[in-house]
Structure formats: structure tokens, C-alpha cells
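Dumped entry_17.cif below, it's mmCIF, C-alpha atoms:
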data_entry
#
loop_
_atom_site.label_atom_id
_atom_site.label_comp_id
_atom_site.auth_asym_id
_atom_site.auth_seq_id
_atom_site.Cartn_x
_atom_site.Cartn_y
_atom_site.Cartn_z
CA MET A 12 107.95 38.62 97.42
CA THR A 13 106.29 40.38 100.37
CA CYS A 14 107.27 40.02 104.02
CA GLU A 15 104.15 37.93 104.73
CA GLU A 16 105.01 35.58 101.87
CA PHE A 17 108.58 35.35 103.10
CA GLU A 18 107.39 34.43 106.58
CA ALA A 19 105.10 31.80 105.15
CA ILE A 20 107.43 30.11 102.68
CA GLY A 21 110.77 31.92 102.73
CA LEU A 22 112.25 30.48 105.92
CA GLY A 23 112.25 26.93 104.65
CA ALA A 24 112.55 27.79 100.98
CA GLU A 25 115.85 25.95 100.53
CA ARG A 26 114.38 22.68 101.76
CA ASP A 27 110.89 22.98 100.32
CA GLU A 28 110.96 20.85 97.18
CA SER A 29 107.52 21.95 96.20
CA LEU A 30 108.76 25.50 95.59
CA SER A 31 110.09 26.47 92.20
CA GLU A 32 113.59 27.82 91.69
CA VAL A 33 112.07 31.24 90.89
CA GLU A 34 110.35 31.31 94.30
CA ARG A 35 113.58 30.35 96.04
CA VAL A 36 115.49 33.11 94.28
CA ALA A 37 112.74 35.58 95.15
CA ALA A 38 112.97 34.54 98.84
CA ARG A 39 116.73 34.99 98.84
CA GLU A 40 116.44 38.38 97.18
CA HIS A 41 113.78 39.48 99.65
CA ALA A 42 115.95 38.46 102.62
CA SER A 43 118.87 40.43 101.20
CA THR A 44 116.82 43.61 100.83
CA CYS A 45 114.46 43.45 103.87
CA SER A 46 116.30 43.84 107.19
CA ARG A 47 113.31 42.56 109.21
CA CYS A 48 113.05 39.38 107.20
CA ALA A 49 116.84 39.00 107.22
CA ALA A 50 116.74 39.15 111.04
CA LEU A 51 113.95 36.62 111.02
CA GLN A 52 116.00 34.35 108.77
CA ASP A 53 119.03 34.72 111.10
CA SER A 54 116.89 33.95 114.08
CA TRP A 55 115.51 30.86 112.38
CA ASP A 56 118.99 29.76 111.32
CA ALA A 57 120.13 29.99 114.95
CA ALA A 58 117.09 28.04 116.07
CA GLY A 59 117.79 25.56 113.28
CA VAL A 60 121.31 24.98 114.61
CA GLU A 61 119.93 24.28 118.05
CA LEU A 62 117.28 22.03 116.65
CA ARG A 63 119.88 20.11 114.68
CA ALA A 64 122.01 19.73 117.78
CA PHE A 65 118.96 18.45 119.61
CA ALA A 66 118.21 16.11 116.69
CA GLU A 67 121.80 14.84 116.64
CA ASP A 68 121.63 14.31 120.33
CA THR A 69 118.70 11.99 119.97
CA ALA A 70 119.77 10.57 116.60
CA MET A 71 121.32 7.50 118.15
CA ALA A 72 118.44 6.86 120.50
CA GLU A 73 117.16 3.32 120.19
CA THR A 74 114.48 1.30 121.82
CA PRO A 75 115.86 -0.57 124.86
CA ALA A 76 116.69 -4.22 124.25
CA ARG A 77 113.99 -5.33 126.67
CA VAL A 78 111.33 -4.24 124.17
CA GLU A 79 112.75 -6.60 121.55
CA MET A 80 112.84 -9.38 124.12
CA ARG A 81 109.24 -8.75 125.12
CA LEU A 82 108.11 -8.66 121.52
CA ARG A 83 109.94 -11.86 120.63
CA GLN A 84 108.46 -13.57 123.67
CA GLU A 85 105.01 -12.42 122.64
CA PHE A 86 105.65 -13.55 119.07
CA ARG A 87 106.64 -17.00 120.26
CA THR A 88 103.64 -17.29 122.56
CA GLN A 89 101.27 -16.18 119.85
CA HIS A 90 102.66 -18.44 117.16
CA VAL A 91 103.13 -21.46 119.41
CA THR A 92 99.51 -21.11 120.49
CA LEU A 93 98.47 -20.84 116.87
CA LYS A 94 100.61 -23.83 115.93
CA VAL A 95 99.22 -25.92 118.79
CA ARG A 96 95.69 -24.96 117.86
CA ARG A 97 96.33 -25.77 114.21
CA THR A 98 97.95 -29.09 115.11
CA ALA A 99 95.03 -29.98 117.37
CA VAL A 100 92.55 -29.25 114.59
CA ILE A 101 94.56 -31.29 112.09
CA ALA A 102 94.91 -34.15 114.59
CA ALA A 103 91.18 -34.11 115.28
CA TRP A 104 90.39 -34.25 111.58
CA ALA A 105 92.99 -36.99 111.04
CA LEU A 106 91.49 -39.04 113.87
CA ALA A 107 88.00 -38.60 112.52
CA ALA A 108 89.16 -39.60 109.03
CA ALA A 109 91.02 -42.61 110.45
CA ALA A 110 87.93 -43.67 112.39
CA VAL A 111 85.76 -43.40 109.29
CA PHE A 112 88.32 -45.30 107.24
CA ALA A 113 88.67 -48.03 109.88
CA GLY A 114 84.90 -48.29 110.08
CA ALA A 115 84.62 -48.60 106.33
CA VAL A 116 87.38 -51.19 106.12
CA SER A 117 85.92 -53.31 108.92
CA TRP A 118 82.46 -53.10 107.40
CA VAL A 119 83.77 -54.20 104.01
CA SER A 120 85.80 -57.03 105.53
CA TRP A 121 82.84 -58.09 107.63
CA ARG A 122 80.70 -58.18 104.51
CA ARG A 123 83.33 -60.12 102.60
CA GLY A 124 83.92 -62.47 105.54
CA GLY A 125 80.22 -63.19 105.74
CA GLN A 126 80.03 -63.91 102.04
CA ARG A 127 83.13 -66.08 102.18
CA GLU A 128 81.75 -68.01 105.13
CA THR A 129 78.50 -68.64 103.36
CA ALA A 130 80.37 -69.73 100.27
CA LYS A 131 82.60 -71.94 102.39
CA GLN A 132 79.63 -73.44 104.11
CA LEU A 133 78.03 -74.14 100.79
CA LYS A 134 81.28 -75.57 99.41
CA SER A 135 82.19 -77.55 102.51
CA ALA A 136 78.84 -79.29 102.64
CA PRO A 137 79.94 -82.69 101.22
CA SER A 138 76.50 -83.48 99.92
CA VAL A 139 76.19 -80.40 97.74
CA THR A 140 77.17 -80.51 94.09
CA ASN A 141 76.22 -78.59 91.01
CA SER A 142 73.80 -80.15 88.68
CA ALA A 143 71.94 -78.53 85.89
CA GLU A 144 69.59 -81.32 85.11
CA ASN A 145 67.59 -81.45 88.27
CA ASN A 146 64.09 -80.19 88.40
CA ALA A 147 63.12 -78.05 91.31
CA GLY A 148 59.49 -78.88 91.05
CA SER A 149 59.92 -82.56 91.59
CA VAL A 150 59.31 -82.60 95.29
CA PRO A 151 56.44 -84.89 96.19
CA ASN A 152 53.64 -84.07 98.52
CA THR A 153 53.71 -83.77 102.31
CA GLY A 154 54.75 -86.68 104.40
CA ALA A 155 56.22 -88.50 101.45
CA PRO A 156 59.94 -88.94 101.04
CA VAL A 157 61.44 -86.25 98.96
CA GLN A 158 61.98 -87.48 95.46
CA GLY A 159 63.34 -84.35 93.86
CA ALA A 160 66.04 -82.06 95.13
CA GLY A 161 65.83 -78.61 96.67
CA ALA A 162 67.00 -76.09 94.15
CA VAL A 163 68.48 -72.67 93.92
CA GLN A 164 67.65 -71.11 90.64
CA GLN A 165 69.27 -68.02 89.28
CA ARG A 166 68.18 -66.09 86.27
CA GLY A 167 70.89 -64.93 83.90
CA PRO A 168 71.12 -61.33 82.80
CA ALA A 169 69.58 -62.12 79.43
CA GLY A 170 66.62 -63.69 81.08
CA ALA A 171 67.58 -67.23 80.11
CA ALA A 172 67.00 -69.68 82.89
CA VAL A 173 70.33 -70.72 84.26
CA SER A 174 69.50 -73.51 86.51
CA GLN A 175 72.09 -74.10 89.13
CA THR A 176 70.86 -76.67 91.51
CA LEU A 177 72.58 -77.64 94.66
CA VAL A 178 71.79 -81.18 95.29
CA ALA A 179 72.86 -83.53 98.07
CA GLU A 180 74.53 -86.72 97.00
CA ASN A 181 71.64 -88.80 98.05
CA GLU A 182 69.09 -86.17 97.10
CA LEU A 183 66.42 -88.49 96.05
CA SER A 184 65.38 -89.88 99.36
CA GLY A 185 64.88 -89.33 102.99
CA PHE A 186 63.29 -85.87 103.17
CA THR A 187 60.33 -85.49 105.41
CA PHE A 188 58.23 -82.38 105.00
CA LEU A 189 57.75 -80.42 108.16
CA PRO A 190 54.22 -79.84 109.35
CA GLY A 191 52.67 -76.85 107.57
CA ALA A 192 55.25 -76.67 104.74
CA LEU A 193 53.92 -76.15 101.23
CA VAL A 194 55.25 -78.18 98.39
CA THR A 195 55.14 -75.21 96.00
CA ASP A 196 57.55 -73.31 98.25
CA THR A 197 60.32 -75.76 97.44
CA ASP A 198 60.75 -74.56 93.83
CA GLU A 199 63.87 -72.58 94.62
CA ALA A 200 64.99 -74.36 97.74
CA ALA A 201 68.47 -75.29 98.91
CA ILE A 202 69.71 -78.22 100.90
CA LEU A 203 71.81 -77.29 103.88
CA ARG A 204 73.61 -79.75 106.06
CA VAL A 205 73.62 -78.59 109.67
CA ARG A 206 74.70 -79.97 112.99
CA LEU A 207 72.21 -79.66 115.81
CA GLN A 208 70.99 -81.35 118.93
CA ARG A 209 68.32 -83.89 118.44
CA GLY A 210 66.03 -81.95 120.77
CA ALA A 211 66.00 -79.08 118.28
CA LEU A 212 64.04 -81.25 115.89
CA GLY A 213 61.15 -80.89 118.30
CA ALA A 214 61.09 -77.20 117.56
CA LEU A 215 60.58 -78.12 113.89
CA GLY A 216 57.53 -80.18 114.86
CA LEU A 217 59.14 -83.61 114.69
CA PRO A 218 58.84 -86.27 117.40
CA VAL A 219 61.97 -86.54 119.54
CA ASN A 220 63.13 -89.20 121.93
CA GLU A 221 63.59 -87.27 125.16
CA GLU A 222 66.37 -89.53 126.37
CA ARG A 223 68.53 -88.70 123.38
CA ALA A 224 67.52 -85.07 123.07
CA GLY A 225 71.03 -83.86 123.94
CA GLU A 226 72.76 -85.80 121.18
CA TRP A 227 74.40 -83.93 118.34
CA ILE A 228 73.33 -85.06 114.92
CA GLN A 229 73.82 -84.02 111.31
CA VAL A 230 70.64 -83.06 109.50
CA ASP A 231 69.94 -82.00 105.92
CA LEU A 232 67.44 -79.20 105.78
CA LEU A 233 65.54 -78.29 102.69
CA VAL A 234 65.37 -74.51 102.99
CA GLY A 235 62.86 -72.62 100.89
CA ASP A 236 63.52 -69.31 99.14
CA ASP A 237 61.86 -67.59 102.10
CA GLY A 238 64.66 -68.91 104.32
CA LEU A 239 62.46 -71.30 106.29
CA PRO A 240 63.11 -75.04 106.50
CA GLN A 241 60.60 -76.99 104.46
CA ALA A 242 61.76 -80.54 104.95
CA VAL A 243 64.29 -82.45 106.96
CA ARG A 244 66.36 -85.56 106.35
CA LEU A 245 68.66 -87.53 108.59
CA PRO A 246 71.60 -88.60 106.45
CA GLN A 247 72.87 -92.14 106.82
CA MET B 1136 117.01 -20.58 107.11
CA ARG B 1137 119.01 -17.30 107.04
CA ILE B 1138 117.31 -14.19 105.81
CA ALA B 1139 119.09 -11.85 103.43
CA GLU B 1140 119.53 -8.41 104.99
CA GLN B 1141 118.08 -6.67 101.97
CA GLU B 1142 114.93 -8.79 101.92
CA ARG B 1143 111.94 -6.56 101.27
CA ASP B 1144 109.72 -5.59 104.18
CA ASP B 1145 106.55 -7.03 102.70
CA VAL B 1146 108.28 -10.36 102.03
CA LEU B 1147 109.57 -10.41 105.59
CA LEU B 1148 106.16 -9.53 106.93
CA ARG B 1149 104.56 -12.40 105.04
CA ARG B 1150 107.10 -14.74 106.55
CA ALA B 1151 106.59 -13.27 109.99
CA ALA B 1152 102.85 -13.77 109.64
CA LYS B 1153 103.55 -17.46 109.07
CA GLY B 1154 105.51 -17.64 112.30
CA ASP B 1155 109.07 -16.80 111.18
CA GLU B 1156 110.49 -15.09 114.25
CA GLU B 1157 113.72 -14.13 112.53
CA ALA B 1158 111.80 -12.23 109.84
CA PHE B 1159 109.82 -10.37 112.48
CA THR B 1160 112.98 -9.51 114.40
CA LEU B 1161 114.58 -8.17 111.24
CA ILE B 1162 111.59 -5.92 110.56
CA TYR B 1163 111.73 -4.71 114.15
CA ARG B 1164 115.44 -3.95 114.01
CA ARG B 1165 115.02 -2.07 110.75
CA HIS B 1166 112.31 0.25 111.98
CA GLN B 1167 112.47 0.46 115.76
CA ALA B 1168 114.99 3.28 116.00
CA ALA B 1169 113.06 5.63 113.73
CA MET B 1170 109.82 4.88 115.57
CA TYR B 1171 111.46 5.35 118.93
CA ARG B 1172 113.08 8.64 117.98
CA PHE B 1173 109.81 9.96 116.61
CA ALA B 1174 107.91 8.92 119.72
CA LEU B 1175 110.62 10.27 122.01
CA ARG B 1176 110.76 13.62 120.26
CA MET B 1177 107.00 13.91 120.27
CA THR B 1178 106.45 12.87 123.88
CA GLY B 1179 109.79 13.74 125.47
CA ASN B 1180 109.37 10.67 127.62
CA THR B 1181 111.47 7.54 127.25
CA TRP B 1182 108.91 5.30 128.95
CA ALA B 1183 106.15 6.55 126.73
CA ALA B 1184 108.32 6.17 123.63
CA GLU B 1185 109.20 2.62 124.64
CA GLU B 1186 105.58 1.75 125.19
CA ILE B 1187 104.57 3.30 121.89
CA VAL B 1188 107.19 1.34 119.94
CA GLN B 1189 106.11 -1.85 121.65
CA ASP B 1190 102.50 -1.09 120.81
CA VAL B 1191 103.32 -0.40 117.18
CA PHE B 1192 105.07 -3.72 116.67
CA MET B 1193 102.50 -5.57 118.70
CA THR B 1194 99.87 -4.27 116.30
CA LEU B 1195 101.97 -5.43 113.37
CA MET B 1196 102.44 -8.84 114.97
CA ARG B 1197 98.80 -9.40 115.82
CA ASP B 1198 97.32 -8.10 112.63
CA PRO B 1199 99.90 -8.07 109.83
CA LYS B 1200 97.11 -7.92 107.24
CA LYS B 1201 96.45 -4.34 108.25
CA TYR B 1202 99.47 -3.40 106.19
CA ASP B 1203 98.79 -3.21 102.47
CA ALA B 1204 102.03 -3.18 100.47
CA THR B 1205 100.29 -1.57 97.50
CA ARG B 1206 99.51 1.53 99.54
CA GLY B 1207 103.04 2.39 100.56
CA ALA B 1208 106.16 1.33 102.39
CA LEU B 1209 106.02 -0.50 105.70
CA GLY B 1210 107.96 2.33 107.33
CA ALA B 1211 105.23 4.81 106.43
CA PHE B 1212 102.58 2.45 107.77
CA LEU B 1213 104.46 2.04 111.03
CA TYR B 1214 104.88 5.81 111.30
CA GLY B 1215 101.13 6.14 110.90
CA VAL B 1216 100.48 3.66 113.70
CA ALA B 1217 103.12 5.33 115.89
CA ARG B 1218 101.58 8.72 115.20
CA ASN B 1219 98.16 7.48 116.32
CA ARG B 1220 99.65 6.06 119.49
CA VAL B 1221 101.52 9.30 120.17
CA MET B 1222 98.34 11.33 119.71
CA LYS B 1223 96.47 9.04 122.09
CA HIS B 1224 99.26 9.34 124.59
CA LEU B 1225 99.28 13.12 124.36
CA GLU B 1226 95.49 13.25 124.66
CA ARG B 1227 95.50 11.46 127.99
CA LEU B 1228 98.71 13.12 129.17
CA PRO B 1229 97.13 15.72 131.50
CA ARG B 1230 95.49 12.91 133.45
CA GLU B 1231 98.78 11.07 133.88
CA ILE B 1232 101.56 11.93 136.26
CA SER B 1233 105.00 11.40 134.83
CA LEU B 1234 107.22 9.29 137.04
CA GLU B 1235 110.31 10.65 135.38
CA GLU B 1236 112.71 12.69 137.39
CA LYS B 1237 111.91 16.36 137.00
CA ASN B 1238 114.43 19.16 136.91
CA GLU B 1239 113.80 22.34 138.79
CA ASP B 1240 112.53 24.01 135.60
CA GLY B 1241 109.92 21.30 135.31
CA THR B 1242 111.43 19.49 132.33
CA GLY B 1243 112.11 15.78 132.40
CA SER B 1244 115.42 14.11 131.80
CA GLY B 1245 114.29 11.58 129.22
CA ILE B 1246 116.89 12.53 126.64
CA VAL B 1247 120.43 11.86 127.72
CA LEU B 1248 123.28 13.90 126.34
CA GLN B 1249 126.22 12.02 124.98
CA ASP B 1250 128.86 14.74 124.80
CA ALA B 1251 130.40 15.27 128.19
CA SER B 1252 133.86 16.61 127.47
CA THR B 1253 134.04 18.85 130.55
CA PRO B 1254 131.54 19.28 133.33
CA ALA B 1255 131.01 22.95 132.47
CA ILE B 1256 130.41 22.34 128.77
CA TRP B 1257 128.30 19.35 129.61
CA ALA B 1258 126.17 21.39 132.01
CA GLU B 1259 125.80 24.26 129.54
CA LYS B 1260 124.89 22.01 126.65
CA ARG B 1261 122.57 20.04 128.80
CA GLU B 1262 120.76 23.14 129.90
CA ARG B 1263 120.45 24.38 126.34
CA MET B 1264 119.19 21.00 125.15
CA GLN B 1265 116.66 20.98 127.92
CA GLN B 1266 115.47 24.38 126.76
CA VAL B 1267 115.17 23.27 123.13
CA ARG B 1268 113.45 20.09 124.21
CA ALA B 1269 111.07 21.99 126.44
CA ALA B 1270 110.35 24.48 123.65
CA VAL B 1271 109.57 21.68 121.19
CA LEU B 1272 107.40 19.84 123.70
CA GLU B 1273 105.44 22.97 124.49
CA LEU B 1274 104.37 23.43 120.89
CA PRO B 1275 100.80 22.46 120.11
CA VAL B 1276 100.69 18.87 118.86
CA GLU B 1277 100.09 19.64 115.17
CA PHE B 1278 102.91 22.18 115.03
CA ARG B 1279 105.17 19.91 117.05
CA GLU B 1280 104.54 17.07 114.65
CA ALA B 1281 105.45 19.24 111.67
CA VAL B 1282 108.62 20.47 113.37
CA VAL B 1283 109.64 16.95 114.47
CA LEU B 1284 109.05 15.44 111.04
CA CYS B 1285 110.61 18.24 108.96
CA GLU B 1286 113.29 19.65 111.23
CA LEU B 1287 114.31 16.74 113.44
CA GLU B 1288 113.53 13.73 111.26
CA GLU B 1289 114.59 15.77 108.22
CA MET B 1290 111.78 14.51 106.06
CA SER B 1291 110.76 16.39 102.96
CA TYR B 1292 107.51 18.35 103.16
CA GLU B 1293 105.90 15.78 100.92
CA GLU B 1294 106.92 12.86 103.15
CA ALA B 1295 105.81 14.74 106.24
CA ALA B 1296 102.45 15.46 104.62
CA GLN B 1297 102.06 11.76 103.87
CA MET B 1298 102.91 10.81 107.44
CA ALA B 1299 100.57 13.36 108.94
CA GLY B 1300 97.88 12.54 106.41
CA CYS B 1301 97.33 16.11 105.31
CA PRO B 1302 98.06 18.25 102.24
CA ILE B 1303 101.53 19.67 101.77
CA GLY B 1304 100.17 23.21 102.18
CA THR B 1305 98.92 22.30 105.66
CA ILE B 1306 102.35 21.02 106.61
CA ARG B 1307 103.93 24.19 105.31
CA SER B 1308 101.56 26.38 107.29
CA ARG B 1309 101.93 24.28 110.48
CA LEU B 1310 105.66 24.45 110.09
CA HIS B 1311 105.55 28.19 109.63
CA ARG B 1312 103.53 28.67 112.80
CA GLY B 1313 105.56 26.10 114.68
CA ARG B 1314 108.79 27.83 113.74
CA ALA B 1315 107.47 31.20 114.82
CA LEU B 1316 106.42 29.84 118.21
CA LEU B 1317 109.65 27.93 118.61
CA MET B 1318 111.80 30.94 117.79
CA ALA B 1319 109.90 33.07 120.25
CA LYS B 1320 110.33 30.48 122.99
CA LEU B 1321 113.99 29.88 122.29
CA GLU B 1322 114.76 33.59 122.20
CA MET B 1323 112.96 34.06 125.45
CA LEU B 1324 114.84 31.16 127.02
CA ARG B 1325 118.15 32.26 125.53
CA GLY B 1326 117.77 35.80 126.93
CA VAL B 1327 116.58 35.17 130.48
CA PRO B 1328 116.23 31.43 130.96
CA ARG B 1329 115.32 31.36 134.63
CA ARG B 1330 112.86 34.21 134.48
CA ALA B 1331 111.30 32.75 131.35
CA THR B 1332 110.89 29.41 133.08
CA ALA B 1333 109.44 31.07 136.13
CA ALA B 1334 107.01 33.00 133.95
CA ARG B 1335 105.53 29.75 132.54
#

Written as C-alpha cells, how would this file's structure read?
Amino acid sequence: MTCEEFEAIGLGAERDESLSEVERVAAREHASTCSRCAALQDSWDAAGVELRAFAEDTAMAETPARVEMRLRQEFRTQHVTLKVRRTAVIAAWALAAAAVFAGAVSWVSWRRGGQRETAKQLKSAPSVTNSAENNAGSVPNTGAPVQGAGAVQQRGPAGAAVSQTLVAENELSGFTFLPGALVTDTDEAAILRVRLQRGALGALGLPVNEERAGEWIQVDLLVGDDGLPQAVRLPQ
Amino acid sequence: MRIAEQERDDVLLRRAAKGDEEAFTLIYRRHQAAMYRFALRMTGNTWAAEEIVQDVFMTLMRDPKKYDATRGALGAFLYGVARNRVMKHLERLPREISLEEKNEDGTGSGIVLQDASTPAIWAEKRERMQQVRAAVLELPVEFREAVVLCELEEMSYEEAAQMAGCPIGTIRSRLHRGRALLMAKLEMLRGVPRRATAAR
């Protein structure tokens, strides 16, 4: 080993794990034969002692406790903010979902309520019964008393005519066609019993006694499949 | 929930990222001293070292995903961050005025001696430590880093090369030059300390 090589790798040869044992032995041998390099090694050893003393002196040095406190405070702030933000987002989504759900539920119940009410109305009308035998086309011409009954006809899935006619008890008499109503429109008509003020009959084109216009009366209406009243009857 | 002392760093870090303060504190307590010593030995300034350590852990707290467990130990990652902070600090050092108390030889008093058996010994040791400290701090940054890592932190050349992000041969050569400079300074200070200081 030359002096240059010793200077480069010899001083730390004992600690340099990347050196081979042969190189370490060569460094030791060189230091024992070369007085200049031996002096250099001694000088470095002395410096090494001082460096170690300096290292030992600072070996127990630790970050002041205030740094840990500051970091923990910062950690809390950061994660609380994150948590709050996350909670707010979750709450917003939950509220939106709840609103949608409530909307859906109320819509469904409104639909069902409407259907139930209609069914109840149809059921509660005392004059309405089911009868399969009635003919829907048996309504006589305008002005004449209604002979046949208004009918609601439904077609079954197989196409067979399932005739389900809602007929008032005294279906065969008393209907007066409203002005302008067509007899053919009454094929799939329904009879509805309603309660209205006598004056409202005037709106249907019927003569009304003005003195009794405010009276409440029960009226059977023959309603066509277009939803418009076709004929009217005052039940007894 | 209590955390086992031997819990791995990456496991702790995952928990800390989810908001577990205890896990974060444990990571901090495991690594703070090494970071602080490294920063203190590199800067020679307790305030700077404190700030650097705080910065290192703040980085870890704010962006824990920066650490990739497959690329090495958390300690090495933190050393890397600390090293960057130290370099930044040293880069802007000439523009900053240290508020630390200065001795008459111009060195600071950031490192406090613990052995104080008699006032005379204490004074002598203190002076010598100041000289060593000053000699280390006067080394160019690359050489200083090699000396701090290999001689003061007692890392192997391989570990030091990993920390400094350079080949092992570079560390060896930096160390060689750092040692030569250090020896020259220490000999000069040892022979005629006051004159040597005045000559600077």
C-alpha cells in the first residue's frame, strides 16, 4: 500500500466494512513501516478521541418537550378539522338521502292514499254494485230517461271481455242526458253519487230554481270514459 | 387502545395517518433524538435543530404517504428529510444572524457540557469542546455531513452513503478530505488556540 492509498482508505480501514481483510492488513502493515503515515494515524486517533468526546457530549441531546407539545397540538388541530369536515360531508349526504327517502315515501303514500280514497268512494257509494249482466250500450237517446246503466268495462289480459259494471240500485230510471252529451260516449261510463249545491246543476246546463240554489243535494252522475258527466239523476 | 412499544414504524404511521395521536407520538419519541442530534451537529445551533426536527415531523404528519415502506426504514426517510432541511438552513445561513450567545472566539454555546466536576476541568473541557465543535462546523457541508454521519453518528459507510444519497466511494473520499481538514484545524487550535482563532 502506498502513502496516498493509506491516506485515502487507511485511516478508517478498521471501520470500513467495504474493505477486505487483505486491505486492512496492508494498511496496518503500511502504518507500521511508514513513520509519516504512522504519525498521520496517531494524529487521526487523537482527533478521533476528541470527536468521540464531542459525540458523547451531545449523545443525550434531545428535542425540547415543547416541540412534542407543538406537534401534538398541530396533529389534533389537523385531525379534528379533517374529522369535522368528514362528518359534515357524511351528514350532508345523510340529509340528502333522508330527504330523497322521505320524498319517495310521501309520494308513494300519496299515490296509495289517492287510490284508496277512490276505491273507498266507489265502495261507499250505496248505489253501486257489481253486475256482469248489464249492457253498457243500453242507454237511450238524449232527453229520455236512462234505461241502461253506465258501465266501466275492463279487458282481461287474455283479451276476453270481462265486463264489470258498476250500476246504481235504481239504475234503470231517472237519468237525464246533459245538453251536448253523446249517447255513444256512455259505453264505458260509471255512475258516481256526489253531493253538490243545487246551483251547480246550472253549470251542467240544467234549469235551477234560484231560491233553492244554495241547497245541498245528492246527485248521481253518469260519467263517461273521458271523465265528463254525460247524464244526471236526482235519486229519490 | 394501547400501542405495543415494538409496533413497526409503518404500522404506526398508518394509524397516525388515520388520526391516532398516540401512534404519532410514539413515532416521534422513537426518532426525535437521532434527528435532533444530527441537526444539532450539522448546524451547531439548538434553535435551528429544534426547528428542523419540528419541520421533519410536520412533513410526516401532513403527508404521511410520502414515506414508502418498501423503499426503506422510516428512520432513513426521516434522516433524508432532516438532511434536506439542514442543507436549506445552511444555504440561507449567511443571510441570517444567529441570536445565540456568542463566545469571544465567535463560537456559539448551543451544545451544553454535562461534566462539570471542577470549574477548572469544566472550563478546559468546555474550551476543547468548543474548538472541536467549531472545527466540525467550519468544514464544508459535504465533508461535515460525512464526518457527522460516520464519526459522530457512528454509521457504517454504507448507511452514510444511503443517507447522503451518494455512492460509498464518495462518502469515503469526503470523509478522507474532511478528516484531513479537521485534523489540521484541531492541531492548529490545540497548539495556539487564541492565535488560531484570531487568524480566522

Written as a list of chain:residue names, which residues does the PyMOL selection byres ((chain B) within 6 of (chain A)) give for the file shown?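 Matching residues under the PyMOL selection byres ((chain B) within 6 of (chain A)) are B:Gly1154, B:Ala1168, B:Tyr1171, B:Leu1287, B:His1311.
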
What gap, in Å, lies between CA of Thr1205 (chain B) and CA of Asp1145 (chain B)?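 Here the two named atoms are 9.8 Å from each other.
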
Residues at most 9 Å from Gly1215 (chain B), counting all atoms listed in the file, excluding those fewer than 3 positions away in the same chain, as a list in words?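 Here the qualifying residues turn out to be Gly1210, Ala1211, Phe1212, Arg1218, Asn1219, Arg1220, Met1298, Ala1299 and Gly1300 of chain B.
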
Please indicate the distance in Å from CA of Thr98 (chain A) to CA of Asp1155 (chain B), rounded to one decimal place. 17.0 Å

List, as JSON, numbers by chain, every residue that the PyMOL selection byres ((chain A and resi 242) around 8) selects in the file provided. {"A": [186, 187, 188, 189, 192, 232, 233, 234, 240, 241, 243, 244]}

Could you tell me how far CA of Cys1285 (chain B) lies from CA of Ala1258 (chain B), in Å and to one decimal?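 Rounded to one decimal, the two atoms are 28.0 Å apart.
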